Every structure is written in C-alpha cells, then in structure tokens.
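To be precise, the following lines are upload_12.pdb, and they hold PDB, C-alpha atoms.
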```pdb
MODEL        1
ATOM      1  CA  MET A   1    -185.611  51.716  52.703
ATOM      2  CA  ALA A   2    -182.712  49.300  52.439
ATOM      3  CA  ASP A   3    -179.179  50.766  52.343
ATOM      4  CA  SER A   4    -175.768  49.330  51.544
ATOM      5  CA  ASN A   5    -175.578  47.752  55.016
ATOM      6  CA  ALA A   6    -178.907  46.010  54.533
ATOM      7  CA  ARG A   7    -179.022  42.254  55.020
ATOM      8  CA  LYS A   8    -179.996  40.379  51.863
ATOM      9  CA  ILE A   9    -183.180  38.340  52.283
ATOM     10  CA  PHE A  10    -185.050  35.981  49.946
ATOM     11  CA  LEU A  11    -188.762  35.298  50.496
ATOM     12  CA  VAL A  12    -190.126  32.173  48.818
ATOM     13  CA  ASP A  13    -193.878  31.531  48.805
ATOM     14  CA  ASP A  14    -196.421  30.637  46.114
ATOM     15  CA  ASP A  15    -199.131  32.583  47.960
ATOM     16  CA  PRO A  16    -198.877  36.099  46.457
ATOM     17  CA  MET A  17    -200.841  37.740  49.273
ATOM     18  CA  HIS A  18    -198.719  36.313  52.069
ATOM     19  CA  LEU A  19    -195.569  37.096  50.090
ATOM     20  CA  GLN A  20    -196.595  40.746  49.676
ATOM     21  CA  MET A  21    -197.721  41.116  53.302
ATOM     22  CA  LEU A  22    -194.480  39.626  54.607
ATOM     23  CA  LYS A  23    -192.391  41.794  52.299
ATOM     24  CA  ASP A  24    -194.272  44.928  53.414
ATOM     25  CA  HIS A  25    -193.909  44.016  57.091
ATOM     26  CA  LEU A  26    -190.209  43.117  57.058
ATOM     27  CA  SER A  27    -189.163  46.069  54.908
ATOM     28  CA  SER A  28    -190.919  48.426  57.330
ATOM     29  CA  LYS A  29    -189.293  46.873  60.428
ATOM     30  CA  LEU A  30    -185.778  45.793  59.425
ATOM     31  CA  ASN A  31    -182.921  47.089  57.297
ATOM     32  CA  VAL A  32    -183.248  44.381  54.655
ATOM     33  CA  ASP A  33    -182.891  44.074  50.902
ATOM     34  CA  ILE A  34    -185.728  41.709  49.929
ATOM     35  CA  THR A  35    -186.089  39.595  46.802
ATOM     36  CA  THR A  36    -189.233  37.474  46.369
ATOM     37  CA  PHE A  37    -189.748  34.200  44.503
ATOM     38  CA  SER A  38    -192.893  32.179  43.886
ATOM     39  CA  THR A  39    -191.004  28.889  43.404
ATOM     40  CA  GLY A  40    -188.097  27.230  45.141
ATOM     41  CA  GLU A  41    -186.446  26.591  41.786
ATOM     42  CA  ASP A  42    -186.213  30.344  41.109
ATOM     43  CA  CYS A  43    -184.700  30.822  44.561
ATOM     44  CA  LEU A  44    -182.060  28.139  43.911
ATOM     45  CA  ALA A  45    -181.165  29.774  40.590
ATOM     46  CA  ASN A  46    -180.323  32.980  42.481
ATOM     47  CA  LEU A  47    -178.271  31.556  45.360
ATOM     48  CA  ASP A  48    -175.120  33.026  43.801
ATOM     49  CA  LYS A  49    -176.391  36.390  45.138
ATOM     50  CA  LYS A  50    -175.491  35.048  48.603
ATOM     51  CA  PRO A  51    -178.563  35.919  50.687
ATOM     52  CA  ASP A  52    -178.018  36.151  54.463
ATOM     53  CA  ALA A  53    -181.329  34.431  55.107
ATOM     54  CA  ILE A  54    -184.216  32.807  53.263
ATOM     55  CA  ILE A  55    -187.818  32.637  54.442
ATOM     56  CA  LEU A  56    -189.110  29.493  52.759
ATOM     57  CA  ASP A  57    -192.666  28.185  52.582
ATOM     58  CA  TYR A  58    -193.145  24.473  53.261
ATOM     59  CA  TYR A  59    -195.780  23.963  50.525
ATOM     60  CA  LEU A  60    -194.658  25.417  47.209
ATOM     61  CA  ASN A  61    -196.811  23.543  44.729
ATOM     62  CA  SER A  62    -200.300  24.936  45.115
ATOM     63  CA  VAL A  63    -199.921  26.867  41.850
ATOM     64  CA  GLU A  64    -197.132  25.012  40.017
ATOM     65  CA  LYS A  65    -198.161  21.418  40.674
ATOM     66  CA  ASN A  66    -194.770  20.034  39.636
ATOM     67  CA  ALA A  67    -192.798  22.503  41.756
ATOM     68  CA  ALA A  68    -190.511  21.062  44.400
ATOM     69  CA  ASN A  69    -191.714  21.291  47.989
ATOM     70  CA  GLY A  70    -190.028  23.349  50.677
ATOM     71  CA  ILE A  71    -188.083  20.504  52.286
ATOM     72  CA  GLU A  72    -186.460  19.543  48.958
ATOM     73  CA  ILE A  73    -185.524  23.185  48.377
ATOM     74  CA  LEU A  74    -184.236  23.556  51.956
ATOM     75  CA  LYS A  75    -181.891  20.575  51.526
ATOM     76  CA  LYS A  76    -180.561  21.966  48.233
ATOM     77  CA  ILE A  77    -180.003  25.412  49.759
ATOM     78  CA  LYS A  78    -178.026  23.973  52.684
ATOM     79  CA  ALA A  79    -175.994  21.769  50.310
ATOM     80  CA  THR A  80    -175.152  24.686  48.004
ATOM     81  CA  SER A  81    -174.909  27.555  50.467
ATOM     82  CA  PRO A  82    -174.544  26.215  54.037
ATOM     83  CA  GLU A  83    -173.876  29.669  55.485
ATOM     84  CA  THR A  84    -177.349  30.885  54.381
ATOM     85  CA  GLU A  85    -179.843  30.477  57.233
ATOM     86  CA  VAL A  86    -183.349  29.301  56.346
ATOM     87  CA  VAL A  87    -186.528  29.976  58.321
ATOM     88  CA  MET A  88    -189.362  27.675  57.241
ATOM     89  CA  LEU A  89    -192.988  28.845  57.042
ATOM     90  CA  SER A  90    -196.017  26.590  57.029
ATOM     91  CA  GLY A  91    -199.722  26.529  57.721
ATOM     92  CA  GLN A  92    -199.120  23.128  59.329
ATOM     93  CA  GLU A  93    -199.233  23.180  63.099
ATOM     94  CA  LYS A  94    -197.992  19.600  63.470
ATOM     95  CA  ILE A  95    -194.829  19.221  65.506
ATOM     96  CA  ASP A  96    -193.449  16.468  63.235
ATOM     97  CA  ILE A  97    -193.209  18.917  60.330
ATOM     98  CA  ALA A  98    -191.320  21.398  62.507
ATOM     99  CA  VAL A  99    -188.971  18.603  63.599
ATOM    100  CA  GLU A 100    -188.460  17.492  59.983
ATOM    101  CA  THR A 101    -187.525  21.000  58.853
ATOM    102  CA  MET A 102    -185.100  21.539  61.752
ATOM    103  CA  ALA A 103    -183.498  18.147  61.116
ATOM    104  CA  SER A 104    -183.049  19.162  57.480
ATOM    105  CA  GLY A 105    -181.046  22.235  58.442
ATOM    106  CA  ALA A 106    -183.617  24.988  59.015
ATOM    107  CA  PHE A 107    -182.639  27.700  61.495
ATOM    108  CA  ASP A 108    -186.214  27.929  62.785
ATOM    109  CA  TYR A 109    -189.871  27.293  61.945
ATOM    110  CA  VAL A 110    -192.869  29.663  61.883
ATOM    111  CA  ILE A 111    -196.547  28.706  61.603
ATOM    112  CA  LYS A 112    -198.555  30.858  59.185
ATOM    113  CA  ASN A 113    -201.186  32.796  61.074
ATOM    114  CA  GLU A 114    -201.885  36.348  62.229
ATOM    115  CA  SER A 115    -198.748  36.428  64.405
ATOM    116  CA  SER A 116    -196.443  34.905  61.782
ATOM    117  CA  PHE A 117    -195.271  38.311  60.500
ATOM    118  CA  LEU A 118    -193.985  39.431  63.904
ATOM    119  CA  ARG A 119    -192.587  35.977  64.619
ATOM    120  CA  THR A 120    -190.749  35.891  61.283
ATOM    121  CA  GLU A 121    -189.304  39.334  62.037
ATOM    122  CA  ASN A 122    -188.073  38.060  65.431
ATOM    123  CA  LYS A 123    -186.559  34.936  63.872
ATOM    124  CA  LEU A 124    -184.689  37.105  61.363
ATOM    125  CA  VAL A 125    -183.323  39.275  64.176
ATOM    126  CA  ASN A 126    -182.036  36.045  65.773
ATOM    127  CA  VAL A 127    -180.472  34.991  62.454
ATOM    128  CA  PHE A 128    -178.680  38.341  62.172
ATOM    129  CA  LYS A 129    -177.401  38.121  65.776
ATOM    130  CA  HIS A 130    -176.191  34.586  65.103
ATOM    131  CA  LYS A 131    -174.404  35.641  61.910
ATOM    132  CA  LYS A 132    -172.824  38.646  63.652
ATOM    133  CA  LEU A 133    -171.463  36.368  66.375
ATOM    134  CA  GLU A 134    -170.071  34.024  63.729
ATOM    135  CA  ASP A 135    -168.476  36.984  61.906
ATOM    136  CA  ASN A 136    -166.926  38.222  65.174
ATOM    137  CA  VAL A 137    -165.494  34.787  65.956
ATOM    138  CA  LYS A 138    -163.948  34.640  62.469
ATOM    139  CA  LEU A 139    -162.538  38.157  62.961
ATOM    140  CA  TYR A 140    -161.013  37.285  66.363
ATOM    141  CA  LYS A 141    -159.453  34.132  64.923
ATOM    142  CA  LYS A 142    -157.880  36.154  62.111
ATOM    143  CA  GLY A 143    -156.654  38.750  64.643
ATOM    144  CA  ILE A 144    -155.048  36.103  66.850
ATOM    145  CA  ILE A 145    -153.307  34.491  63.858
ATOM    146  CA  ALA A 146    -152.055  37.882  62.645
ATOM    147  CA  MET A 147    -150.763  38.734  66.134
ATOM    148  CA  ALA A 148    -148.989  35.388  66.406
ATOM    149  CA  ILE A 149    -147.304  35.954  63.036
ATOM    150  CA  VAL A 150    -146.102  39.419  64.116
ATOM    151  CA  VAL A 151    -144.674  38.018  67.384
ATOM    152  CA  VAL A 152    -142.845  35.261  65.511
ATOM    153  CA  ILE A 153    -141.426  37.775  63.019
ATOM    154  CA  VAL A 154    -140.226  40.055  65.854
ATOM    155  CA  ILE A 155    -138.554  37.134  67.662
ATOM    156  CA  ILE A 156    -136.859  35.856  64.495
ATOM    157  CA  THR A 157    -135.699  39.369  63.561
ATOM    158  CA  SER A 158    -134.278  39.905  67.064
ATOM    159  CA  ILE A 159    -132.408  36.613  66.929
ATOM    160  CA  ILE A 160    -130.954  37.425  63.508
ATOM    161  CA  LEU A 161    -129.892  40.898  64.657
ATOM    162  CA  VAL A 162    -128.199  39.515  67.775
ATOM    163  CA  GLN A 163    -126.432  36.757  65.860
ATOM    164  CA  THR A 164    -125.117  39.081  63.146
ATOM    165  CA  GLY A 165    -123.993  41.638  65.708
ATOM    166  CA  ILE A 166    -125.830  44.470  63.984
ATOM    167  CA  ALA A 167    -127.395  45.520  67.239
ATOM    168  CA  THR A 168    -124.001  46.237  68.808
ATOM    169  CA  GLU A 169    -122.995  48.505  65.921
ATOM    170  CA  ASP A 170    -125.392  51.132  67.127
ATOM    171  CA  PRO A 171    -123.203  54.015  68.414
ATOM    172  CA  SER A 172    -125.557  54.799  71.222
ATOM    173  CA  VAL A 173    -124.977  51.402  72.774
ATOM    174  CA  SER A 174    -121.259  50.988  71.974
ATOM    175  CA  PHE A 175    -118.595  51.337  74.746
TER     176      PHE A 175
ATOM    177  CA  MET B   1    -225.740  42.316  65.280
ATOM    178  CA  SER B   2    -223.757  42.029  62.033
ATOM    179  CA  ASP B   3    -224.294  39.053  59.727
ATOM    180  CA  LYS B   4    -221.020  39.689  57.964
ATOM    181  CA  VAL B   5    -218.693  36.734  57.542
ATOM    182  CA  THR B   6    -215.556  38.853  57.052
ATOM    183  CA  ASP B   7    -213.751  41.031  59.565
ATOM    184  CA  LEU B   8    -210.888  43.248  58.419
ATOM    185  CA  THR B   9    -209.739  44.136  61.940
ATOM    186  CA  PHE B  10    -206.489  42.213  61.537
ATOM    187  CA  LEU B  11    -205.677  43.856  58.190
ATOM    188  CA  GLY B  12    -206.494  47.245  59.709
ATOM    189  CA  SER B  13    -204.082  46.595  62.546
ATOM    190  CA  PHE B  14    -201.443  45.102  60.226
ATOM    191  CA  THR B  15    -201.474  48.083  57.862
ATOM    192  CA  GLY B  16    -201.997  50.818  60.453
ATOM    193  CA  ASN B  17    -205.446  51.336  58.914
ATOM    194  CA  ASP B  18    -203.933  52.134  55.520
ATOM    195  CA  THR B  19    -206.984  51.709  53.280
ATOM    196  CA  GLN B  20    -204.952  51.424  50.073
ATOM    197  CA  LYS B  21    -202.880  48.584  51.494
ATOM    198  CA  ILE B  22    -205.978  46.827  52.840
ATOM    199  CA  LYS B  23    -207.627  47.110  49.416
ATOM    200  CA  ARG B  24    -204.505  45.751  47.786
ATOM    201  CA  TYR B  25    -204.467  42.647  50.008
ATOM    202  CA  VAL B  26    -208.221  42.150  49.659
ATOM    203  CA  GLN B  27    -207.906  42.361  45.879
ATOM    204  CA  MET B  28    -205.123  39.760  45.941
ATOM    205  CA  PHE B  29    -207.436  37.480  47.913
ATOM    206  CA  LEU B  30    -210.297  38.069  45.462
ATOM    207  CA  ASP B  31    -207.987  37.357  42.531
ATOM    208  CA  ARG B  32    -206.982  33.938  43.831
ATOM    209  CA  ALA B  33    -209.455  32.505  46.340
ATOM    210  CA  PRO B  34    -212.329  31.809  43.894
ATOM    211  CA  GLU B  35    -209.999  29.577  41.866
ATOM    212  CA  GLN B  36    -208.922  27.783  45.033
ATOM    213  CA  VAL B  37    -212.549  27.178  46.025
ATOM    214  CA  GLU B  38    -213.181  25.826  42.532
ATOM    215  CA  GLU B  39    -210.130  23.566  42.893
ATOM    216  CA  ILE B  40    -211.475  22.280  46.227
ATOM    217  CA  ARG B  41    -214.868  21.528  44.672
ATOM    218  CA  THR B  42    -213.348  19.844  41.595
ATOM    219  CA  SER B  43    -210.865  17.717  43.519
ATOM    220  CA  LEU B  44    -213.609  16.573  45.894
ATOM    221  CA  GLY B  45    -215.682  15.548  42.866
ATOM    222  CA  THR B  46    -212.837  13.586  41.300
ATOM    223  CA  GLY B  47    -211.689  12.094  44.604
ATOM    224  CA  ASP B  48    -208.254  13.697  44.300
ATOM    225  CA  TYR B  49    -207.727  14.127  48.033
ATOM    226  CA  ALA B  50    -204.074  15.121  47.758
ATOM    227  CA  GLN B  51    -205.057  18.077  45.588
ATOM    228  CA  LEU B  52    -207.967  18.858  47.908
ATOM    229  CA  LYS B  53    -205.635  18.895  50.899
ATOM    230  CA  GLY B  54    -203.162  21.167  49.085
ATOM    231  CA  ALA B  55    -205.855  23.649  48.065
ATOM    232  CA  ALA B  56    -207.342  23.751  51.576
ATOM    233  CA  HIS B  57    -203.892  24.183  53.087
ATOM    234  CA  SER B  58    -203.141  27.075  50.766
ATOM    235  CA  LEU B  59    -206.467  28.798  51.416
ATOM    236  CA  LYS B  60    -206.324  28.437  55.222
ATOM    237  CA  PRO B  61    -204.074  31.391  56.157
ATOM    238  CA  GLN B  62    -205.872  33.680  53.711
ATOM    239  CA  LEU B  63    -209.179  33.045  55.479
ATOM    240  CA  THR B  64    -207.480  34.036  58.729
ATOM    241  CA  TYR B  65    -206.194  37.311  57.272
ATOM    242  CA  MET B  66    -209.635  38.161  55.861
ATOM    243  CA  GLY B  67    -211.181  37.505  59.277
ATOM    244  CA  ILE B  68    -213.408  34.671  58.031
ATOM    245  CA  LYS B  69    -213.302  33.111  61.460
ATOM    246  CA  SER B  70    -216.442  31.018  61.028
ATOM    247  CA  MET B  71    -214.592  28.842  58.496
ATOM    248  CA  GLU B  72    -211.302  28.353  60.350
ATOM    249  CA  GLN B  73    -212.302  25.001  61.857
ATOM    250  CA  GLU B  74    -213.987  23.847  58.634
ATOM    251  CA  ILE B  75    -210.910  24.508  56.488
ATOM    252  CA  ARG B  76    -208.733  22.727  59.060
ATOM    253  CA  ASP B  77    -211.095  19.737  58.983
ATOM    254  CA  ILE B  78    -211.105  19.647  55.181
ATOM    255  CA  GLU B  79    -207.301  19.641  55.154
ATOM    256  CA  GLU B  80    -207.080  17.054  57.929
ATOM    257  CA  PHE B  81    -209.708  14.637  56.577
ATOM    258  CA  SER B  82    -208.462  14.794  52.975
ATOM    259  CA  GLY B  83    -204.888  14.319  54.141
ATOM    260  CA  SER B  84    -205.560  11.407  56.466
ATOM    261  CA  GLY B  85    -208.300   9.741  54.424
ATOM    262  CA  SER B  86    -210.503   9.616  57.516
ATOM    263  CA  ASN B  87    -214.030  11.040  57.801
ATOM    264  CA  LEU B  88    -214.297  11.361  54.016
ATOM    265  CA  ASP B  89    -218.092  11.364  54.308
ATOM    266  CA  ALA B  90    -217.856  14.640  56.206
ATOM    267  CA  LEU B  91    -216.094  16.386  53.343
ATOM    268  CA  PRO B  92    -219.045  17.188  50.993
ATOM    269  CA  PRO B  93    -221.058  19.148  53.602
ATOM    270  CA  LEU B  94    -217.906  20.895  54.808
ATOM    271  CA  VAL B  95    -216.973  21.951  51.276
ATOM    272  CA  GLU B  96    -220.542  23.075  50.606
ATOM    273  CA  LYS B  97    -220.540  25.193  53.777
ATOM    274  CA  LEU B  98    -217.174  26.673  52.763
ATOM    275  CA  GLU B  99    -218.482  27.547  49.294
ATOM    276  CA  VAL B 100    -221.598  29.255  50.631
ATOM    277  CA  THR B 101    -219.668  31.250  53.219
ATOM    278  CA  LEU B 102    -216.944  32.305  50.803
ATOM    279  CA  LYS B 103    -219.514  33.373  48.211
ATOM    280  CA  GLN B 104    -220.831  35.777  50.826
ATOM    281  CA  ALA B 105    -217.273  36.779  51.776
ATOM    282  CA  PHE B 106    -216.397  37.639  48.167
ATOM    283  CA  ILE B 107    -219.443  39.941  47.956
ATOM    284  CA  GLU B 108    -218.535  41.697  51.215
ATOM    285  CA  LEU B 109    -214.911  42.167  50.234
ATOM    286  CA  GLN B 110    -215.772  43.441  46.758
ATOM    287  CA  ASP B 111    -218.151  45.874  48.434
ATOM    288  CA  TYR B 112    -215.291  47.062  50.678
ATOM    289  CA  ILE B 113    -213.125  47.737  47.640
ATOM    290  CA  ASN B 114    -215.945  49.570  45.878
ATOM    291  CA  THR B 115    -216.754  51.795  48.829
ATOM    292  CA  HIS B 116    -213.285  52.701  50.145
TER     293      HIS B 116
ENDMDL
END
```
Could I get this file's structure written as structure tokens?
Amino acid sequence: MADSNARKIFLVDDDPMHLQMLKDHLSSKLNVDITTFSTGEDCLANLDKKPDAIILDYYLNSVEKNAANGIEILKKIKATSPETEVVMLSGQEKIDIAVETMASGAFDYVIKNESSFLRTENKLVNVFKHKKLEDNVKLYKKGIIAMAIVVVIVIITSIILVQTGIATEDPSVSF
Amino acid sequence: MSDKVTDLTFLGSFTGNDTQKIKRYVQMFLDRAPEQVEEIRTSLGTGDYAQLKGAAHSLKPQLTYMGIKSMEQEIRDIEEFSGSGSNLDALPPLVEKLEVTLKQAFIELQDYINTH
C-alpha cells in the first residue's frame, strides 16, 4: 500500500494484461503510487502531477491506430518535464531500438518477457537512487550557500561593531 | 505426455499460485487475443504488413506469459518477416499454424477458468 512517502509512478502501455501485471508486481514490491494510462497522450495530459518516473511502452498504437508511438511520447515528456525519468519497455530485442530510446533521453530500456517485471523493478530502484543522489546534491549546495551567507553576515556585523565602537562599550571589557 | 499448448507455470510463479489472479490475467488474454489473431489474419489477407507486424508484436509477450512456447519462434518470424518484407511467402503457413495453436490455447485457458 502506497503511503505519503511513496514515489509517484506512471505506467503507459496499450496492452491491458501487461499493464495490470506490472502494476500488481510493482505495487507489491515497492512503495509507489501508480497511475496507469493506455495511451501516451493521456500520460502527457497528466504530467502536471509530476511523476518521479514513467514506464513507457515503445509501441502504443496496437489499439488506437492513430496514437503516438513511445519515442514521440518520450521526447515530449523530456521536453516538458526533464526531471522525470523514463524507462522504456518493448517486445523488440534489437539493440538499435534500445540505442534510439537512450539517445532520446530514456533512463533505461527493458525488453518485455518473463523477466521484465523484475528488471523493471530493478530499474526503478536505480531511478530512485539516482533521484535521491540528485536531491542530496541540491540540498548540500543550498547548505553551503546558506553557510556562506551566515559567515558573510557575521563578518560584516563584526566590522560594523568594531568601527562604531559598540563593542568597547561593554562594561565587562572596559578598563 | 501432455498435448497441451499452454503452460501456466510462469503465471503461477508470478502470482504466488494465486488462482484468482491467474484467472484474471487469463481472462484478460482471452478478451483480447482472439481479436489480435483476427487482425493478423485480416492484415495478411489485405497485404497490410505494417498492421500485421504491429499485431504480432503486441501478441508476442502475451504468448510468453500464457506459456505458449511452441509459438514463440513463429510469432517472432511473423513480426520479423512482415516488418522487413522478406520471406513473405512464409507468412501464410506461419499464420495458419498460429491460428490453429491459439484456437487450442483458447479452449485450454477457458477450461482453466471454468474449473478453478
């Protein structure tokens, strides 16, 4: 069961059985809040919900013949929401398709077969680790900037105090 | 020796032998696969190889999950030949073999649902 700390995940596939199996598997293994879509267009319309990751099928037009394919959707996702990581799924075992998806901004690529559920789970764990590292780096940068500001303020305050002679008015340090 | 063309071992392992979940996935397959087989047959008849390739591609992982191992190479060949435009003469017997096997598979899977 997903809680408030759950990572938000979109699954996009026009194969209802694979979609349901993947949803069942991931929700039983990871703390994730899953939303499913049967077309890439529906996924794009919901990007304002800021998913952490999207599992996106390569072929999305077996039911809706005019639906955009996975690569088109991938490019639009990365253009609109570059911080959202996308793992592509496909029944294609050809290396050129994997290369094409990675070159288009995918985080990783999984071939649809019996092991694809476990592999997708592992890829998501990698996505979460990657995002946590990015979050930590951002946090450290903010901390360093905040510390630098405090140091500057302390130095400036000390200089002002010395120059105005307020420091010497303290009875405990007067002669 | 069994003459069955389906093998639900993978689904059993995937679901932890949860019969209700297995039945749910099998029913999803039965709801969609016959239409996909029909689409394969129709697109072969009209020479629409792009549609044939798409339908075969879509059906391929489902055959794996239903343990229809005897058709794994055939469905790959149908997808490959229709996509590349090579070996088009091999497509009619491949599609016919797929239809015959899946007709048997649908009976077996419906029987599973009825008896579990």
Write out, as CSV, each residue of chain B that has an atom at most 8 Å from chain A, together with the closest pair of atoms and their distance in Å to one decimal, counting all atoms listed in the file, rows going by chain and rising number.
```
residue,atom,partner,partner_atom,distance
B:Phe10,CA,A:Glu114,CA,7.5
B:Tyr25,CA,A:Met17,CA,6.1
B:Met28,CA,A:Met17,CA,5.8
B:Phe29,CA,A:Met17,CA,6.7
B:Gly54,CA,A:Ser62,CA,6.2
B:Ala55,CA,A:Ser62,CA,6.4
B:His57,CA,A:Gly91,CA,6.7
B:Ser58,CA,A:Ser62,CA,6.7
B:Lys60,CA,A:Gly91,CA,7.3
B:Pro61,CA,A:Asn113,CA,5.9
B:Gln62,CA,A:His18,CA,7.8
B:Thr64,CA,A:Asn113,CA,6.8
B:Tyr65,CA,A:Glu114,CA,6.6
```
Write the selection just made, keeping C-alpha atoms, as a PDB file, in the coordinates of the input?
```pdb
ATOM      1  CA  PHE B  10    -206.489  42.213  61.537  1.00  0.00           C
ATOM      2  CA  TYR B  25    -204.467  42.647  50.008  1.00  0.00           C
ATOM      3  CA  MET B  28    -205.123  39.760  45.941  1.00  0.00           C
ATOM      4  CA  PHE B  29    -207.436  37.480  47.913  1.00  0.00           C
ATOM      5  CA  GLY B  54    -203.162  21.167  49.085  1.00  0.00           C
ATOM      6  CA  ALA B  55    -205.855  23.649  48.065  1.00  0.00           C
ATOM      7  CA  HIS B  57    -203.892  24.183  53.087  1.00  0.00           C
ATOM      8  CA  SER B  58    -203.141  27.075  50.766  1.00  0.00           C
ATOM      9  CA  LYS B  60    -206.324  28.437  55.222  1.00  0.00           C
ATOM     10  CA  PRO B  61    -204.074  31.391  56.157  1.00  0.00           C
ATOM     11  CA  GLN B  62    -205.872  33.680  53.711  1.00  0.00           C
ATOM     12  CA  THR B  64    -207.480  34.036  58.729  1.00  0.00           C
ATOM     13  CA  TYR B  65    -206.194  37.311  57.272  1.00  0.00           C
TER      14      TYR B  65
END
```
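In this structure, atom CA of Arg119 of chain A sits 11.6 Å away from atom CA of Met88 of chain A.
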*Kindly give the distance, in Å, that separates atom CA of Val152 of chain A and atom CA of Glu134 of chain A, rounded to a single decimal.*
27.3 Å
*Spatial neighbours of Glu121 of chain A, 12 Å, only C-alpha atoms, chain gap at least 6 places, as an MDAnalysis selection string*: chainID A and resid 9 22:32 53 55 87 108 110 115 127:128
*Which residues come within 9 Å of Lys21 of chain B, counting only C-alpha atoms, excluding same-chain residues fewer than 5 positions away, as JSON, numbers by chain?*
{"B": [11, 15, 26]}
